[in-house]
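Coordinates from my_file-v3.cif are shown below (mmCIF, C-alpha atoms).
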data_start
#
loop_
_atom_site.label_atom_id
_atom_site.label_comp_id
_atom_site.auth_asym_id
_atom_site.auth_seq_id
_atom_site.Cartn_x
_atom_site.Cartn_y
_atom_site.Cartn_z
CA MET A 1 61.87 65.26 4.21
CA THR A 2 61.26 68.89 3.29
CA THR A 3 62.23 70.17 -0.14
CA ALA A 4 62.69 73.74 1.13
CA GLY A 5 65.91 75.64 0.56
CA ARG A 6 66.69 74.27 -2.87
CA ARG A 7 68.46 76.56 -5.32
CA ILE A 8 67.17 76.49 -8.90
CA LEU A 9 68.72 78.24 -11.90
CA VAL A 10 66.33 79.37 -14.66
CA ALA A 11 68.08 79.44 -18.02
CA ARG A 12 65.37 81.38 -19.87
CA PRO A 13 65.86 84.92 -21.17
CA ALA A 14 65.48 87.25 -18.19
CA ALA A 15 62.29 88.85 -19.54
CA GLN A 16 60.55 85.44 -19.56
CA SER A 17 61.67 84.26 -16.12
CA GLY A 18 59.68 86.41 -13.72
CA ARG A 19 56.59 84.25 -13.23
CA LEU A 20 58.57 81.03 -12.85
CA LEU A 21 60.92 82.65 -10.34
CA THR A 22 57.87 83.72 -8.33
CA LEU A 23 56.46 80.18 -8.35
CA LEU A 24 59.82 78.78 -7.26
CA ALA A 25 59.90 81.25 -4.37
CA ASP A 26 56.34 80.28 -3.42
CA ALA A 27 57.55 76.65 -3.26
CA GLY A 28 60.18 77.68 -0.71
CA TRP A 29 63.10 77.56 -3.11
CA GLN A 30 65.66 80.10 -4.22
CA GLY A 31 65.13 80.68 -7.91
CA GLN A 32 67.88 82.55 -9.73
CA SER A 33 67.88 83.92 -13.27
CA PHE A 34 70.61 82.37 -15.41
CA PRO A 35 69.91 83.70 -18.93
CA VAL A 36 71.98 81.75 -21.43
CA MET A 37 70.01 83.35 -24.27
CA ASP A 38 68.90 86.88 -25.06
CA ILE A 39 66.16 87.83 -27.50
CA GLN A 40 66.67 90.78 -29.84
CA PRO A 41 63.74 92.16 -31.89
CA LEU A 42 64.28 92.75 -35.61
CA PRO A 43 62.82 96.19 -36.38
CA ASP A 44 62.54 95.76 -40.17
CA ALA A 45 60.57 92.53 -39.82
CA LEU A 46 58.31 94.08 -37.19
CA ALA A 47 57.63 97.04 -39.47
CA HIS A 48 56.27 94.67 -42.14
CA LEU A 49 54.28 92.54 -39.71
CA PRO A 50 50.96 94.47 -39.66
CA ALA A 51 50.67 94.37 -43.45
CA GLN A 52 51.43 90.64 -43.45
CA ALA A 53 48.90 89.99 -40.69
CA ALA A 54 46.20 91.89 -42.59
CA GLN A 55 46.44 89.30 -45.38
CA ALA A 56 46.41 86.24 -43.11
CA ASP A 57 43.59 83.89 -42.17
CA TRP A 58 45.66 82.47 -39.28
CA LEU A 59 48.49 83.84 -37.15
CA PHE A 60 50.60 81.22 -35.42
CA PHE A 61 53.04 82.27 -32.67
CA VAL A 62 55.79 79.72 -32.14
CA SER A 63 56.99 80.88 -28.71
CA PRO A 64 56.40 83.26 -25.79
CA SER A 65 59.02 85.55 -27.35
CA ALA A 66 57.02 85.69 -30.57
CA ILE A 67 53.95 86.79 -28.61
CA ASP A 68 55.77 89.33 -26.45
CA ILE A 69 57.60 90.93 -29.37
CA ALA A 70 54.96 90.80 -32.08
CA TRP A 71 51.70 91.52 -30.29
CA PRO A 72 52.50 95.14 -29.25
CA VAL A 73 52.97 95.86 -32.97
CA LEU A 74 49.92 93.91 -34.11
CA GLN A 75 47.55 95.43 -31.56
CA GLN A 76 47.92 98.84 -33.20
CA GLN A 77 45.31 97.76 -35.76
CA PRO A 78 42.36 95.32 -35.73
CA VAL A 79 43.49 91.70 -36.03
CA ASN A 80 40.92 89.74 -38.01
CA ALA A 81 42.93 86.54 -38.38
CA ARG A 82 42.39 83.60 -36.08
CA LEU A 83 45.18 82.97 -33.58
CA ALA A 84 47.09 79.79 -32.73
CA CYS A 85 50.07 78.80 -30.60
CA VAL A 86 51.42 75.84 -28.64
CA GLY A 87 51.45 75.60 -24.87
CA GLN A 88 48.67 76.37 -22.42
CA ALA A 89 50.57 79.23 -20.80
CA SER A 90 51.17 80.88 -24.17
CA ALA A 91 47.51 80.41 -25.07
CA ARG A 92 46.40 82.06 -21.82
CA ARG A 93 48.71 85.01 -22.41
CA LEU A 94 47.69 85.44 -26.03
CA ALA A 95 44.00 85.22 -25.13
CA LYS A 96 44.45 87.88 -22.46
CA LEU A 97 46.26 90.21 -24.85
CA SER A 98 43.97 89.69 -27.82
CA GLY A 99 40.58 89.01 -26.27
CA GLN A 100 40.19 86.14 -28.75
CA ASP A 101 39.81 82.39 -28.51
CA ILE A 102 43.13 80.70 -29.20
CA LEU A 103 43.64 77.42 -31.01
CA PHE A 104 46.24 75.28 -29.23
CA PRO A 105 46.80 71.57 -28.61
CA THR A 106 45.86 70.33 -25.15
CA THR A 107 47.68 67.00 -25.43
CA GLY A 108 51.13 68.31 -26.40
CA SER A 109 53.20 71.44 -26.78
CA ASP A 110 54.84 71.24 -30.19
CA SER A 111 54.17 71.53 -33.91
CA GLU A 112 53.29 67.86 -34.17
CA SER A 113 50.51 68.28 -31.60
CA LEU A 114 49.15 71.35 -33.36
CA LEU A 115 49.17 69.61 -36.73
CA ALA A 116 47.16 66.73 -35.25
CA LEU A 117 44.21 69.01 -34.46
CA PRO A 118 41.17 68.44 -36.68
CA GLN A 119 41.05 72.15 -37.55
CA LEU A 120 44.31 71.71 -39.47
CA ALA A 121 43.36 68.58 -41.39
CA ASP A 122 42.24 70.63 -44.40
CA VAL A 123 43.77 74.11 -44.78
CA SER A 124 43.41 74.37 -48.55
CA GLY A 125 43.37 77.99 -49.66
CA GLN A 126 44.13 79.38 -46.20
CA HIS A 127 46.91 81.91 -45.64
CA TRP A 128 48.98 81.17 -42.53
CA LEU A 129 51.47 83.66 -41.09
CA ILE A 130 53.99 81.98 -38.77
CA VAL A 131 55.53 84.46 -36.32
CA ARG A 132 58.88 83.23 -35.06
CA GLY A 133 62.58 83.96 -34.61
CA LEU A 134 65.25 83.57 -37.25
CA GLY A 135 65.67 79.91 -38.15
CA GLY A 136 63.78 77.18 -36.36
CA ARG A 137 61.99 74.00 -37.39
CA ALA A 138 60.42 73.80 -40.83
CA LEU A 139 57.92 71.07 -39.96
CA LEU A 140 54.85 73.25 -39.43
CA ALA A 141 55.32 75.40 -42.53
CA ASP A 142 56.18 72.43 -44.74
CA THR A 143 53.21 70.37 -43.55
CA LEU A 144 50.73 73.22 -43.90
CA ARG A 145 51.94 73.79 -47.45
CA GLN A 146 51.54 70.08 -48.21
CA ARG A 147 47.97 70.36 -46.95
CA GLY A 148 47.24 73.24 -49.33
CA ALA A 149 47.91 76.37 -47.29
CA ASP A 150 49.81 79.46 -48.37
CA VAL A 151 52.43 80.00 -45.66
CA THR A 152 54.49 83.11 -44.89
CA LEU A 153 57.19 83.40 -42.24
CA ALA A 154 57.55 86.55 -40.14
CA GLU A 155 60.91 86.21 -38.41
CA VAL A 156 60.67 89.05 -35.91
CA TYR A 157 63.53 88.33 -33.49
CA GLN A 158 66.90 86.68 -33.26
CA ARG A 159 68.49 84.67 -30.48
CA MET A 160 71.69 86.10 -29.02
CA ASP A 161 74.16 84.87 -26.43
CA GLY A 162 73.04 85.65 -22.91
CA LYS A 163 75.28 86.78 -20.07
CA PRO A 164 74.64 84.45 -17.15
CA ASP A 165 76.52 84.86 -13.88
CA TRP A 166 78.81 81.85 -14.03
CA GLY A 167 79.57 82.23 -10.35
CA LEU A 168 76.08 80.84 -9.67
CA LEU A 169 77.25 77.60 -11.28
CA ASP A 170 80.95 77.53 -10.40
CA ASP A 171 80.94 78.57 -6.74
CA ASP A 172 78.23 76.19 -5.58
CA PRO A 173 76.39 74.01 -8.15
CA PRO A 174 72.61 74.46 -7.92
CA ASP A 175 70.14 71.75 -7.01
CA ALA A 176 68.57 71.97 -10.49
CA MET A 177 68.36 74.02 -13.67
CA VAL A 178 65.19 74.74 -15.64
CA ILE A 179 65.81 74.97 -19.37
CA THR A 180 62.96 75.35 -21.84
CA SER A 181 64.25 74.90 -25.39
CA SER A 182 66.77 72.85 -27.31
CA GLU A 183 68.38 76.09 -28.49
CA MET A 184 69.00 77.06 -24.88
CA VAL A 185 70.68 73.71 -24.28
CA GLU A 186 73.06 74.37 -27.16
CA GLN A 187 73.76 77.89 -25.88
CA LEU A 188 74.38 76.64 -22.33
CA PHE A 189 76.98 74.03 -23.25
CA ARG A 190 78.69 76.24 -25.83
CA LEU A 191 78.96 79.27 -23.54
CA ALA A 192 80.04 77.15 -20.58
CA GLY A 193 82.98 75.70 -22.50
CA PRO A 194 84.76 72.37 -22.05
CA ALA A 195 85.99 73.20 -18.55
CA ARG A 196 82.40 73.17 -17.22
CA ALA A 197 81.19 70.16 -19.22
CA VAL A 198 81.35 67.68 -16.32
CA THR A 199 79.54 70.10 -14.01
CA LEU A 200 76.75 70.51 -16.56
CA GLN A 201 76.50 66.77 -17.16
CA CYS A 202 76.02 66.15 -13.44
CA LEU A 203 73.22 68.70 -12.94
CA LEU A 204 69.55 67.88 -12.52
CA TYR A 205 67.52 69.47 -15.33
CA CYS A 206 63.80 70.18 -15.54
CA VAL A 207 62.49 70.56 -19.10
CA PRO A 208 59.04 70.87 -20.74
CA HIS A 209 59.50 68.62 -23.76
CA PRO A 210 61.11 65.24 -24.57
CA ARG A 211 63.06 66.78 -27.45
CA ILE A 212 64.91 69.02 -24.98
CA ALA A 213 65.65 66.02 -22.79
CA GLU A 214 67.04 64.13 -25.78
CA ARG A 215 69.41 67.00 -26.59
CA LEU A 216 70.64 67.11 -22.99
CA GLN A 217 71.19 63.35 -23.03
CA ALA A 218 73.19 63.64 -26.24
CA LEU A 219 75.48 66.09 -24.44
CA GLY A 220 75.96 63.75 -21.50
CA ALA A 221 73.31 64.79 -18.97
CA THR A 222 71.67 61.89 -17.14
CA ARG A 223 69.28 63.41 -14.56
CA ILE A 224 66.34 64.99 -16.36
CA VAL A 225 62.74 65.65 -15.26
CA THR A 226 60.36 66.10 -18.21
CA THR A 227 57.02 67.81 -17.58
CA ARG A 228 54.19 69.53 -19.42
CA ALA A 229 54.91 72.92 -20.96
CA ASP A 230 53.76 75.33 -18.27
CA ASP A 231 55.43 76.87 -15.25
CA GLU A 232 53.24 75.11 -12.69
CA ALA A 233 54.11 71.75 -14.21
CA LEU A 234 57.83 72.53 -14.05
CA VAL A 235 57.56 73.36 -10.35
CA SER A 236 55.45 70.26 -9.66
CA GLY A 237 57.95 68.07 -11.49
CA LEU A 238 60.81 69.41 -9.42
CA ARG A 239 58.83 69.03 -6.19
CA GLU A 240 58.08 65.39 -6.97
CA TRP A 241 61.74 64.70 -7.82
CA PHE A 242 63.02 66.28 -4.60
CA CYS A 243 60.48 64.35 -2.52
CA ARG A 244 61.57 61.08 -4.12
CA HIS A 245 65.30 61.94 -4.03
CA PRO A 246 65.87 63.81 -0.75
#
Can I see the file as structure tokens?
Amino acid sequence: MTTAGRRILVARPAAQSGRLLTLLADAGWQGQSFPVMDIQPLPDALAHLPAQAAQADWLFFVSPSAIDIAWPVLQQQPVNARLACVGQASARRLAKLSGQDILFPTTGSDSESLLALPQLADVSGQHWLIVRGLGGRALLADTLRQRGADVTLAEVYQRMDGKPDWGLLDDDPPDAMVITSSEMVEQLFRLAGPARAVTLQCLLYCVPHPRIAERLQALGATRIVTTRADDEALVSGLREWFCRHP
């Protein structure tokens, strides 16, 4: 049975949804932006970023937002530090912007996978600058410090409530929702409110990491497709699900 005609909500910030929406359309589906989170740059932190980067041996970008917000500021001067991130899509984008080779894990898409790389086994005396949003996991910074690195955080953006069109959920529930971080899960359920809890629990979700799936399960969701952390894998995961569950 064909999987055409499916309607998929993409819960990413609108600025990060374009490529995935295109891939969904190429698959014959109706992808719709449903931004439960907005990303707001922090000008003071960005103003300090070039000076911080000039002192670093490594720059690590925790997310696509970190790349999109920080790189336009960093590219105004030569970047001599080596670059790292997680996720193949992020690595491709960062390589295209920087013209450099990017260190990233190929067998996972999180801090644990990055820390398992042999290049990070001994970082004694290295200065790492972690470019991220306000808050977030401490695992990478803490572990690098335990291994002897000097670590600085550059928190260059903050996560804000998005303004999704709730009619896309209320009037006719979608066939699936793509959601790509645990923070977005929290935002989704909080913004939706108790009245929409059952609707959210009954949705099919497609996510790029087991940790996101675990958070959805804790909030009552039961139908979750977990894939690799790139847009093509998300689309492939949904296609396989729809073929097996027509």
Result set of the PyMOL selection byres ((chain A and resi 20) around 12) on the coordinates above, as JSON, numbers by chain: {"A": [8, 9, 10, 11, 12, 13, 14, 15, 16, 17, 18, 19, 21, 22, 23, 24, 25, 26, 27, 29, 30, 31, 32, 33, 89, 178, 179, 180, 230, 231, 232, 233, 234, 235, 236]}
Once you count all atoms listed in the file, which residues end up no further than 6 Å from (72.3, 78.3, -21.7) in the file's frame, shown as a compact mmCIF listing (two decimals) with C-alpha atoms, keeping the file's coordinate frame?
# COMPACT_ATOMS: atom_id res chain seq x y z
CA ALA A 11 68.08 79.44 -18.02
CA VAL A 36 71.98 81.75 -21.43
CA MET A 184 69.00 77.06 -24.88
CA VAL A 185 70.68 73.71 -24.28
CA GLN A 187 73.76 77.89 -25.88
CA LEU A 188 74.38 76.64 -22.33
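Going from CA of Leu49 in chain A to CA of Arg82 in chain A covers 15.3 Å.
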Can you list, as a PDB file with C-alpha atoms, in the frame of the given file, the residues that the PyMOL selection byres ((chain A and resi 219) around 10) selects here?
ATOM      1  CA  VAL A 185      70.680  73.710 -24.280  1.00  0.00           C
ATOM      2  CA  GLU A 186      73.060  74.370 -27.160  1.00  0.00           C
ATOM      3  CA  PHE A 189      76.980  74.030 -23.250  1.00  0.00           C
ATOM      4  CA  ALA A 197      81.190  70.160 -19.220  1.00  0.00           C
ATOM      5  CA  LEU A 200      76.750  70.510 -16.560  1.00  0.00           C
ATOM      6  CA  GLN A 201      76.500  66.770 -17.160  1.00  0.00           C
ATOM      7  CA  ALA A 213      65.650  66.020 -22.790  1.00  0.00           C
ATOM      8  CA  GLU A 214      67.040  64.130 -25.780  1.00  0.00           C
ATOM      9  CA  ARG A 215      69.410  67.000 -26.590  1.00  0.00           C
ATOM     10  CA  LEU A 216      70.640  67.110 -22.990  1.00  0.00           C
ATOM     11  CA  GLN A 217      71.190  63.350 -23.030  1.00  0.00           C
ATOM     12  CA  ALA A 218      73.190  63.640 -26.240  1.00  0.00           C
ATOM     13  CA  GLY A 220      75.960  63.750 -21.500  1.00  0.00           C
ATOM     14  CA  ALA A 221      73.310  64.790 -18.970  1.00  0.00           C
ATOM     15  CA  THR A 222      71.670  61.890 -17.140  1.00  0.00           C
TER      16      THR A 222
END
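Closest approach to Ile102 in chain A among A:Trp58, A:Pro78, A:Trp71, A:Arg145 is made by A:Trp58 (distances from all atoms listed in the file).
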Nearest-residue call for Leu140 in chain A, choices A:Ser90, A:Gln126, A:Ser111, A:Gln158, using all atoms listed in the file: A:Ser111
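Of note, CA of Gly108 in chain A and CA of Ile69 in chain A are spaced 23.7 Å apart.
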All residues 9 Å or closer to Ile39 in chain A, only C-alpha atoms, same chain fewer than 4 positions away omitted, as a VMD selection string: chain A and resid 13 15 65 133 157 to 162
Two-atom distance - CA of Met177 in chain A, CA of Cys206 in chain A (Å): 6.2 Å
Arg92 in chain A surroundings by only C-alpha atoms, 12 Å radius, close-in-sequence under 3 positions cut, as a list in words: Pro64, Ile67, Leu83, Ala84, Cys85, Val86, Gly87, Gln88, Ala89, Ala95, Lys96, Leu97, Ser98, Gly99, Gln100, Asp101, Ile102, Leu103, Phe104 and Asp230 of chain A
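What the PyMOL selection byres ((chain A and resi 129-131) around 7) matches in the given file is Ala53, Ala56, Trp58, Leu59, Phe60, Phe61, Val62, Ala66, His127, Trp128, Arg132, Val151, Thr152, Leu153, Ala154, Glu155 and Val156 of chain A.
Counting all atoms listed in the file, the residue from A:Gln40, A:Gln76, A:Gln119, A:Ser109 that sits nearest to Thr227 in chain A is A:Ser109.
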Can you pull out every residue within 12 Å of Asp171 in chain A, counting all atoms listed in the file, but drop anything in the same chain fewer than 5 positions away, and send it as a tab-separated table (two decimals) with C-alpha atoms, in the coordinates of the input?
chain	number	residue	atom	x	y	z
A	165	ASP	CA	76.52	84.86	-13.88
A	166	TRP	CA	78.81	81.85	-14.03
A	196	ARG	CA	82.40	73.17	-17.22
A	199	THR	CA	79.54	70.10	-14.01
Around range 49-52 of chain A, fit a box with edges along x, y and z, padding it by 4 Å on each side, then list its centre and edge lengths in Å to one decimal as lines of an AutoDock Vina configuration file.
center_x = 52.5
center_y = 92.6
center_z = -41.6
size_x = 11.6
size_y = 11.8
size_z = 11.8
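Considering only C-alpha atoms, the residue among A:Arg244, A:Asp57, A:Ser181, A:Ala70 positioned nearest to Ser124 in chain A is A:Asp57.
If you measure from each of A:Arg7, A:Pro105, A:Val73, A:Leu120 to Leu203 in chain A using only C-alpha atoms, the closest one turns out to be A:Arg7.
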